[in-house]
file query14.tsv (TSV, C-alpha atoms and all ligand atoms)
chain	number	residue	atom	x	y	z
A	1	MET	CA	-91.62	-38.03	-6.65
A	2	THR	CA	-88.55	-36.48	-8.20
A	3	LEU	CA	-85.09	-37.90	-7.66
A	4	ARG	CA	-82.34	-35.69	-8.89
A	5	GLU	CA	-78.68	-36.27	-9.43
A	6	SER	CA	-76.29	-34.25	-11.54
A	7	ARG	CA	-72.63	-34.79	-12.19
A	8	ALA	CA	-69.99	-32.81	-14.04
A	9	THR	CA	-69.15	-34.04	-17.52
A	10	ASP	CA	-65.74	-35.53	-18.16
A	11	ARG	CA	-65.10	-34.02	-21.61
A	12	GLU	CA	-62.54	-36.70	-22.44
A	13	GLY	CA	-64.72	-39.54	-21.19
A	14	GLY	CA	-66.96	-39.94	-24.20
A	15	PRO	CA	-70.17	-41.94	-24.49
A	16	GLU	CA	-68.98	-45.04	-22.65
A	17	TRP	CA	-68.01	-42.98	-19.61
A	18	MET	CA	-71.39	-41.23	-19.76
A	19	LEU	CA	-73.28	-44.53	-19.98
A	20	GLY	CA	-71.36	-45.79	-16.96
A	21	GLN	CA	-72.46	-42.69	-15.03
A	22	ILE	CA	-76.10	-43.15	-16.08
A	23	GLU	CA	-76.03	-46.82	-15.08
A	24	ALA	CA	-74.47	-46.03	-11.70
A	25	ILE	CA	-76.99	-43.27	-10.96
A	26	ALA	CA	-80.13	-45.05	-12.15
A	27	ALA	CA	-79.28	-48.58	-10.99
A	28	ASP	CA	-81.45	-48.27	-7.87
A	29	TRP	CA	-84.16	-46.08	-9.37
A	30	LYS	CA	-87.54	-47.52	-10.25
A	31	PHE	CA	-88.97	-46.03	-13.46
A	32	ASP	CA	-91.08	-47.26	-16.34
A	33	ARG	CA	-90.04	-44.84	-19.10
A	34	CYS	CA	-86.90	-42.96	-19.97
A	35	GLY	CA	-86.72	-39.60	-21.74
A	36	ILE	CA	-83.40	-38.21	-22.93
A	37	GLY	CA	-82.75	-34.56	-23.76
A	38	PHE	CA	-79.47	-34.77	-25.66
A	39	GLY	CA	-77.25	-31.69	-25.73
A	40	GLY	CA	-76.72	-31.71	-29.46
A	41	PRO	CA	-78.53	-32.46	-32.71
A	42	VAL	CA	-80.71	-35.58	-32.71
A	43	ASP	CA	-82.32	-37.18	-35.75
A	44	PHE	CA	-85.75	-37.52	-34.22
A	45	PRO	CA	-87.49	-39.89	-36.68
A	46	THR	CA	-84.71	-42.48	-36.36
A	47	GLN	CA	-84.04	-41.65	-32.69
A	48	THR	CA	-80.30	-41.36	-33.21
A	49	VAL	CA	-77.69	-38.94	-31.94
A	50	THR	CA	-76.29	-36.92	-34.82
A	51	LEU	CA	-73.24	-35.60	-32.96
A	52	SER	CA	-72.15	-33.33	-30.14
A	53	THR	CA	-70.22	-30.20	-31.04
A	54	HIS	CA	-69.07	-29.86	-27.42
A	55	VAL	CA	-67.65	-33.31	-26.66
A	56	GLY	CA	-66.20	-35.99	-28.92
A	57	GLY	CA	-67.24	-39.55	-29.64
A	58	TRP	CA	-70.98	-39.09	-30.00
A	59	LYS	CA	-71.35	-39.19	-33.78
A	60	ARG	CA	-74.31	-41.57	-34.43
A	61	PHE	CA	-73.78	-43.22	-31.05
A	62	PRO	CA	-76.66	-45.68	-30.41
A	63	LEU	CA	-77.66	-44.10	-27.09
A	64	VAL	CA	-81.33	-45.04	-27.18
A	65	GLU	CA	-80.56	-48.70	-27.98
A	66	ARG	CA	-77.99	-48.91	-25.23
A	67	ILE	CA	-80.34	-47.44	-22.60
A	68	LYS	CA	-83.16	-49.75	-23.74
A	69	GLN	CA	-80.89	-52.77	-23.42
A	70	ARG	CA	-79.67	-51.75	-19.99
A	71	PHE	CA	-82.97	-50.75	-18.36
A	72	ASN	CA	-85.56	-52.58	-20.46
A	73	VAL	CA	-87.99	-49.63	-20.63
A	74	PRO	CA	-89.34	-47.52	-23.50
A	75	VAL	CA	-86.89	-44.72	-24.31
A	76	ILE	CA	-87.52	-41.49	-26.20
A	77	MET	CA	-84.85	-38.96	-27.14
A	78	ASP	CA	-84.86	-35.47	-28.56
A	79	ASN	CA	-82.49	-32.55	-28.70
A	80	ASP	CA	-82.53	-30.91	-25.26
A	81	ALA	CA	-83.83	-27.58	-26.57
A	82	ASN	CA	-86.72	-29.26	-28.41
A	83	ALA	CA	-87.63	-31.26	-25.31
A	84	GLY	CA	-87.29	-28.18	-23.10
A	85	ALA	CA	-89.47	-26.21	-25.52
A	86	LEU	CA	-92.24	-28.77	-25.34
A	87	GLY	CA	-92.03	-28.99	-21.54
A	88	GLU	CA	-92.31	-25.23	-21.13
A	89	ALA	CA	-95.05	-24.98	-23.77
A	90	ILE	CA	-97.32	-27.60	-22.18
A	91	TYR	CA	-96.47	-27.37	-18.49
A	92	GLY	CA	-94.42	-24.21	-17.92
A	93	ALA	CA	-94.00	-20.55	-18.84
A	94	GLY	CA	-95.21	-21.06	-22.41
A	95	ARG	CA	-98.69	-22.32	-21.56
A	96	GLY	CA	-101.34	-20.71	-23.75
A	97	ALA	CA	-98.79	-19.00	-26.02
A	98	ARG	CA	-98.53	-20.40	-29.56
A	99	PRO	CA	-96.42	-20.43	-31.53
A	100	MET	CA	-93.79	-20.40	-28.80
A	101	PHE	CA	-90.06	-20.12	-29.15
A	102	TYR	CA	-87.84	-21.59	-26.47
A	103	MET	CA	-84.16	-20.93	-26.12
A	104	THR	CA	-81.80	-22.71	-23.78
A	105	LEU	CA	-79.01	-20.42	-22.67
A	106	SER	CA	-76.58	-22.75	-21.01
A	107	THR	CA	-73.23	-24.42	-21.82
A	108	GLY	CA	-74.36	-23.93	-25.43
A	109	ILE	CA	-77.38	-22.28	-27.03
A	110	GLY	CA	-80.27	-24.23	-28.51
A	111	GLY	CA	-83.73	-23.35	-29.70
A	112	GLY	CA	-87.07	-25.10	-30.03
A	113	ILE	CA	-90.26	-24.11	-31.85
A	114	VAL	CA	-93.67	-25.23	-30.59
A	115	LEU	CA	-96.57	-24.90	-33.02
A	116	ASP	CA	-100.27	-24.21	-32.51
A	117	ASP	CA	-101.04	-27.90	-31.97
A	118	SER	CA	-98.37	-28.18	-29.27
A	119	THR	CA	-95.98	-30.19	-31.43
A	120	VAL	CA	-92.34	-29.31	-31.98
A	121	TYR	CA	-91.43	-28.04	-35.44
A	122	ARG	CA	-88.29	-30.00	-36.30
A	123	GLY	CA	-87.87	-29.15	-39.98
A	124	ALA	CA	-86.79	-31.51	-42.78
A	125	ASP	CA	-83.72	-32.91	-40.99
A	126	SER	CA	-84.37	-32.24	-37.29
A	127	TYR	CA	-82.24	-29.07	-37.47
A	128	ALA	CA	-84.97	-26.45	-37.09
A	129	GLY	CA	-84.50	-24.02	-34.23
A	130	GLU	CA	-80.69	-24.34	-34.15
A	131	LEU	CA	-80.44	-20.66	-33.35
A	132	GLY	CA	-77.06	-21.10	-31.64
A	133	HIS	CA	-75.28	-21.20	-34.99
A	134	ILE	CA	-76.75	-18.23	-36.79
A	135	THR	CA	-73.99	-15.74	-37.59
A	136	LEU	CA	-73.99	-12.54	-35.54
A	137	LYS	CA	-70.45	-11.43	-36.41
A	138	PRO	CA	-68.90	-12.84	-39.61
A	139	ASP	CA	-65.46	-11.62	-38.49
A	140	GLY	CA	-65.94	-12.91	-34.96
A	141	PRO	CA	-64.09	-15.73	-33.20
A	142	GLU	CA	-64.28	-19.31	-34.47
A	143	CYS	CA	-67.09	-21.49	-33.14
A	144	LEU	CA	-66.90	-25.24	-32.46
A	145	CYS	CA	-69.15	-25.76	-35.50
A	146	GLY	CA	-66.38	-24.40	-37.77
A	147	SER	CA	-68.10	-21.10	-38.54
A	148	HIS	CA	-67.24	-17.68	-37.10
A	149	GLY	CA	-69.10	-15.32	-34.78
A	150	CYS	CA	-72.02	-17.66	-34.09
A	151	PHE	CA	-74.64	-16.62	-31.55
A	152	GLU	CA	-73.48	-19.49	-29.34
A	153	ARG	CA	-69.81	-18.53	-29.72
A	154	LEU	CA	-70.59	-15.04	-28.41
A	155	CYS	CA	-73.22	-15.73	-25.76
A	156	CYS	CA	-73.14	-19.25	-24.31
A	157	GLY	CA	-71.87	-20.18	-20.87
A	158	MET	CA	-68.90	-22.25	-22.00
A	159	TRP	CA	-67.45	-19.43	-24.13
A	160	LEU	CA	-68.25	-16.69	-21.62
A	161	GLU	CA	-66.16	-18.58	-19.09
A	162	ARG	CA	-63.30	-19.13	-21.57
A	163	ASP	CA	-63.35	-15.56	-22.87
A	164	TYR	CA	-63.75	-13.73	-19.56
A	165	GLY	CA	-62.29	-16.15	-17.00
A	166	LYS	CA	-65.44	-16.00	-14.91
A	167	SER	CA	-68.56	-18.12	-14.78
A	168	ALA	CA	-71.70	-16.86	-16.53
A	169	LYS	CA	-73.33	-16.71	-13.09
A	170	GLU	CA	-70.68	-14.25	-11.86
A	171	LEU	CA	-70.82	-12.20	-15.05
A	172	MET	CA	-74.61	-11.81	-14.80
A	173	GLN	CA	-74.09	-10.03	-11.49
A	174	GLU	CA	-72.09	-7.27	-13.21
A	175	PRO	CA	-74.57	-4.73	-14.68
A	176	GLU	CA	-71.96	-3.18	-17.00
A	177	PHE	CA	-71.21	-6.59	-18.48
A	178	VAL	CA	-74.89	-7.45	-18.85
A	179	GLU	CA	-75.54	-4.16	-20.71
A	180	ARG	CA	-73.03	-5.24	-23.37
A	181	TYR	CA	-74.02	-8.89	-23.32
A	182	VAL	CA	-77.70	-8.27	-24.06
A	183	ILE	CA	-76.81	-6.54	-27.35
A	184	ASP	CA	-75.64	-9.81	-28.91
A	185	LEU	CA	-78.31	-11.78	-27.08
A	186	ALA	CA	-81.05	-9.55	-28.51
A	187	ARG	CA	-79.51	-9.80	-32.00
A	188	GLY	CA	-79.93	-13.56	-31.85
A	189	LEU	CA	-83.46	-13.38	-30.50
A	190	LYS	CA	-84.42	-10.82	-33.11
A	191	ALA	CA	-83.81	-13.47	-35.78
A	192	ALA	CA	-86.32	-15.75	-34.06
A	193	VAL	CA	-88.83	-12.90	-33.77
A	194	MET	CA	-88.52	-11.99	-37.43
A	195	ILE	CA	-88.83	-15.53	-38.76
A	196	LEU	CA	-91.40	-16.93	-36.34
A	197	ASN	CA	-93.34	-14.02	-34.80
A	198	PRO	CA	-93.77	-16.11	-31.65
A	199	ALA	CA	-96.49	-15.29	-29.13
A	200	ARG	CA	-93.88	-15.72	-26.43
A	201	ILE	CA	-90.17	-16.41	-26.07
A	202	VAL	CA	-89.21	-18.55	-23.08
A	203	ILE	CA	-85.57	-18.72	-22.06
A	204	GLY	CA	-84.27	-21.59	-19.95
A	205	GLY	CA	-80.86	-22.94	-18.99
A	206	GLY	CA	-78.47	-21.85	-16.26
A	207	ILE	CA	-77.87	-18.28	-17.46
A	208	ALA	CA	-81.63	-17.54	-17.49
A	209	LYS	CA	-81.61	-18.10	-13.72
A	210	ALA	CA	-80.09	-14.61	-13.40
A	211	GLY	CA	-83.71	-13.38	-13.57
A	212	ASP	CA	-84.42	-9.63	-13.72
A	213	ALA	CA	-80.71	-8.75	-13.75
A	214	LEU	CA	-80.71	-10.23	-17.26
A	215	PHE	CA	-84.31	-10.01	-18.45
A	216	VAL	CA	-84.95	-6.32	-17.75
A	217	PRO	CA	-82.00	-5.06	-19.86
A	218	LEU	CA	-82.63	-7.79	-22.44
A	219	ARG	CA	-86.24	-6.71	-23.00
A	220	ALA	CA	-85.16	-3.08	-23.33
A	221	GLU	CA	-82.46	-3.96	-25.87
A	222	LEU	CA	-84.76	-6.22	-27.88
A	223	ARG	CA	-87.35	-3.43	-28.03
A	224	ARG	CA	-84.61	-1.08	-29.25
A	225	GLN	CA	-83.44	-3.48	-31.99
A	226	VAL	CA	-86.88	-4.57	-33.17
A	227	THR	CA	-87.99	-1.07	-34.04
A	228	SER	CA	-91.59	0.09	-34.01
A	229	TRP	CA	-91.62	-0.78	-37.71
A	230	SER	CA	-92.56	-4.27	-36.58
A	231	ARG	CA	-95.78	-4.79	-34.69
A	232	ALA	CA	-94.61	-8.22	-33.52
A	233	ARG	CA	-95.13	-8.70	-29.81
A	234	LEU	CA	-91.98	-9.01	-27.72
A	235	GLU	CA	-92.75	-11.11	-24.71
A	236	VAL	CA	-89.62	-12.64	-23.21
A	237	VAL	CA	-89.85	-14.63	-19.98
A	238	PRO	CA	-87.68	-17.05	-18.01
A	239	ALA	CA	-88.51	-20.77	-17.99
A	240	GLY	CA	-91.09	-21.81	-15.41
A	241	LEU	CA	-89.88	-25.33	-14.77
A	242	GLY	CA	-86.25	-24.59	-13.94
A	243	ASP	CA	-84.13	-27.68	-14.41
A	244	ASP	CA	-87.18	-29.80	-15.21
A	245	SER	CA	-88.16	-28.33	-18.60
A	246	VAL	CA	-86.59	-31.26	-20.46
A	247	LEU	CA	-88.08	-33.84	-18.09
A	248	TYR	CA	-91.61	-32.51	-18.70
A	249	GLY	CA	-90.93	-32.19	-22.41
A	250	CYS	CA	-90.08	-35.88	-22.63
A	251	LEU	CA	-93.32	-36.61	-20.80
A	252	GLY	CA	-95.08	-34.55	-23.47
A	253	ILE	CA	-93.39	-36.55	-26.26
A	254	PHE	CA	-94.44	-39.84	-24.66
A	255	LYS	CA	-98.03	-38.60	-24.30
A	256	ALA	CA	-98.16	-37.48	-27.93
A	257	ALA	CA	-96.82	-40.88	-29.01
A	258	THR	CA	-99.53	-42.77	-27.10
A	259	THR	CA	-102.43	-40.47	-27.96
A	260	PRO	CA	-103.84	-41.19	-31.42
A	261	SER	CA	-103.99	-37.96	-33.37
A	262	SER	CA	-107.51	-37.08	-34.47
B	301	ZN	ZN	-71.37	-22.23	-34.55
call {"tool": "encode", "arguments": {"input": "query14.tsv", "output": "structure tokens", "more": "lines below"}}
Ligand SMILES: [Zn+2]
result
Amino acid sequence: MTLRESRATDREGGPEWMLGQIEAIAADWKFDRCGIGFGGPVDFPTQTVTLSTHVGGWKRFPLVERIKQRFNVPVIMDNDANAGALGEAIYGAGRGARPMFYMTLSTGIGGGIVLDDSTVYRGADSYAGELGHITLKPDGPECLCGSHGCFERLCCGMWLERDYGKSAKELMQEPEFVERYVIDLARGLKAAVMILNPARIVIGGGIAKAGDALFVPLRAELRRQVTSWSRARLEVVPAGLGDDSVLYGCLGIFKAATTPSS
């Protein structure tokens, strides 16, 4: 059974406000494990929030400890893109495709890399796959990370809305806009293709729900940018689990933690 509740974020509210919301929503729910897909960098080995570039107050906030104390269940946390990647790789649109690259195209942009053994590649400091902050335009507008012209600054939902005064959902219904938009989007994805040569790229998050209106021009543009010089396959598909990629990814993390590796 799936219970679902989503609420808008109060950007000024900070972690205590967020915890209050979680407590209010989950107070009557019965569950025996809790998985958290945090929308920012997470130090996975120590299970701590690094920070959020989108909202303040989260730097090293002890989220896992606080949820454990409140609900008295095992809690696992990862960056939302890493969790989403694992969910799609094991249960969704990335099944059978390894290595797989997952990108969440939402308020921000995140990436996750799933290896041949269906584990997430997190790198030395849990920062692997942070595709949102590769530089597409050095002279471009300033990003929340302090750099300029980041992939996320040019293509994510929050900035699209600020730059164009319309929601990403509305913009994806304008073919002329999408034709321009996919140029930067493909530039970002090309970096992932060149470094990882993934068997498949799965894109989740709200903007990916635009479906063919986005994916058809995106595939054409990516094929144009990754010239025939490269024989790397270019398979780009929308997420198969919709809003549940992260939920299933956390299930995958729990299963990996309880299954002794052989
Ligand atoms: Zn940035």
call {"tool": "closest_residue", "arguments": {"input": "query14.tsv", "among": "A:Gly35, A:Pro175, A:Pro141, A:Gly57", "to": "Pro74 of chain A", "atoms": "all atoms listed in the file"}}
result
A:Gly35
call {"tool": "closest_residue", "arguments": {"input": "query14.tsv", "among": "A:Gly123, A:Gly188, A:Gly13, A:Pro45", "to": "Leu136 of chain A", "atoms": "all atoms listed in the file"}}
result
A:Gly188
call {"tool": "closest_residue", "arguments": {"input": "query14.tsv", "among": "A:Phe38, A:Phe31, A:Tyr248, A:Trp159", "to": "ligand ZN 301 (chain B)", "atoms": "only C-alpha atoms and all ligand atoms"}}
result
A:Trp159
call {"tool": "residues_near_ligand", "arguments": {"input": "query14.tsv", "ligand": "ligand ZN 301 (chain B)", "cutoff": "8 Å", "atoms": "only C-alpha atoms and all ligand atoms", "output": "JSON, numbers by chain"}}
result
{"A": [132, 133, 134, 135, 142, 143, 144, 145, 146, 147, 148, 149, 150, 151, 152, 153]}
call {"tool": "closest_residue", "arguments": {"input": "query14.tsv", "among": "A:Thr53, A:Arg200, A:Ala93, A:Ile25", "to": "Ile113 of chain A", "atoms": "only C-alpha atoms"}}
result
A:Arg200
call {"tool": "closest_residue", "arguments": {"input": "query14.tsv", "among": "A:Ile203, A:Val193, A:Val236, A:Met1", "to": "Gly111 of chain A", "atoms": "all atoms listed in the file"}}
result
A:Ile203
call {"tool": "closest_residue", "arguments": {"input": "query14.tsv", "among": "A:Phe215, A:Phe44, A:Trp229, A:Trp29", "to": "Ile76 of chain A", "atoms": "all atoms listed in the file"}}
result
A:Phe44
call {"tool": "residues_around", "arguments": {"input": "query14.tsv", "residues": "segment 78-80 of chain A", "least_positions_apart": "4", "cutoff": "9 Å", "atoms": "all atoms listed in the file", "output": "list in words"}}
result
Gly35, Ile36, Gly37, Phe38, Gly39, Gly40, Pro41, Val42, Asp43, Phe44, Gln47, Thr48, Val49, Gly84, Ala85, Thr104, Gly110, Gly111, Gly112, Ser126, Val246, Gly249, Cys250 and Ile253 of chain A
call {"tool": "atom_distance", "arguments": {"input": "query14.tsv", "atom1": "atom CA of Asp10 of chain A", "atom2": "atom CA of Cys156 of chain A"}}
result
18.9 Å
call {"tool": "residues_around", "arguments": {"input": "query14.tsv", "residues": "Asp184 of chain A", "least_positions_apart": "2", "cutoff": "10 Å", "atoms": "all atoms listed in the file", "output": "list in words"}}
result
Leu136, Lys137, Phe151, Glu152, Leu154, Cys155, Glu179, Arg180, Tyr181, Val182, Ala186, Arg187, Gly188, Leu189, Lys190, Leu218, Glu221 and Leu222 of chain A
call {"tool": "atom_distance", "arguments": {"input": "query14.tsv", "atom1": "atom CA of Ile207 of chain A", "atom2": "atom CA of Leu105 of chain A"}}
result
5.7 Å
call {"tool": "atom_distance", "arguments": {"input": "query14.tsv", "atom1": "atom CA of Val114 of chain A", "atom2": "atom CA of Pro99 of chain A"}}
result
5.6 Å
call {"tool": "residues_around", "arguments": {"input": "query14.tsv", "residues": "Ala210 of chain A", "least_positions_apart": "4", "cutoff": "12 Å", "atoms": "all atoms listed in the file", "output": "ChimeraX atom specification"}}
result
/A:105-106,168-175,178,203-206,214-218,237-239,242
call {"tool": "residues_around", "arguments": {"input": "query14.tsv", "residues": "Glu23 of chain A", "least_positions_apart": "5", "cutoff": "9 Å", "atoms": "only C-alpha atoms", "output": "ChimeraX atom specification"}}
result
/A:18,67,70-71
call {"tool": "residues_around", "arguments": {"input": "query14.tsv", "residues": "Ala256 of chain A", "least_positions_apart": "5", "cutoff": "10 Å", "atoms": "all atoms listed in the file", "output": "ChimeraX atom specification"}}
result
/A:118-119,250-251,261
call {"tool": "decode", "arguments": {"input": "query14.tsv", "residues": "segment 116-129 of chain A", "atoms": "N, CA and C atoms", "output": "compact mmCIF listing (two decimals), in the first residue's frame"}}
result
# COMPACT_ATOMS: atom_id res chain seq x y z
N ASP A 116 27.86 -2.04 -12.54
CA ASP A 116 27.46 -3.37 -13.01
C ASP A 116 26.85 -4.22 -11.91
N ASP A 117 27.31 -4.04 -10.66
CA ASP A 117 26.78 -4.86 -9.56
C ASP A 117 25.58 -4.20 -8.88
N SER A 118 24.97 -3.25 -9.56
CA SER A 118 23.79 -2.55 -9.03
C SER A 118 24.05 -1.80 -7.73
N THR A 119 25.28 -1.30 -7.57
CA THR A 119 25.54 -0.38 -6.47
C THR A 119 25.75 1.01 -7.05
N VAL A 120 25.54 2.01 -6.22
CA VAL A 120 25.74 3.40 -6.65
C VAL A 120 27.21 3.76 -6.51
N TYR A 121 27.77 4.36 -7.54
CA TYR A 121 29.14 4.86 -7.46
C TYR A 121 29.08 6.25 -6.83
N ARG A 122 29.64 6.39 -5.63
CA ARG A 122 29.53 7.66 -4.91
C ARG A 122 30.82 8.47 -4.92
N GLY A 123 31.91 7.87 -5.34
CA GLY A 123 33.18 8.59 -5.37
C GLY A 123 33.82 8.66 -4.00
N ALA A 124 34.92 9.43 -3.89
CA ALA A 124 35.69 9.49 -2.65
C ALA A 124 34.96 10.22 -1.54
N ASP A 125 34.13 11.21 -1.89
CA ASP A 125 33.49 12.05 -0.88
C ASP A 125 31.99 12.19 -1.07
N SER A 126 31.39 11.18 -1.69
CA SER A 126 29.94 11.18 -1.94
C SER A 126 29.51 12.29 -2.91
N TYR A 127 30.43 12.79 -3.72
CA TYR A 127 30.07 13.86 -4.66
C TYR A 127 30.00 13.40 -6.13
N ALA A 128 30.21 12.11 -6.37
CA ALA A 128 30.16 11.64 -7.75
C ALA A 128 28.76 11.84 -8.33
N GLY A 129 28.71 12.11 -9.61
CA GLY A 129 27.42 12.26 -10.28
C GLY A 129 26.79 13.63 -10.14
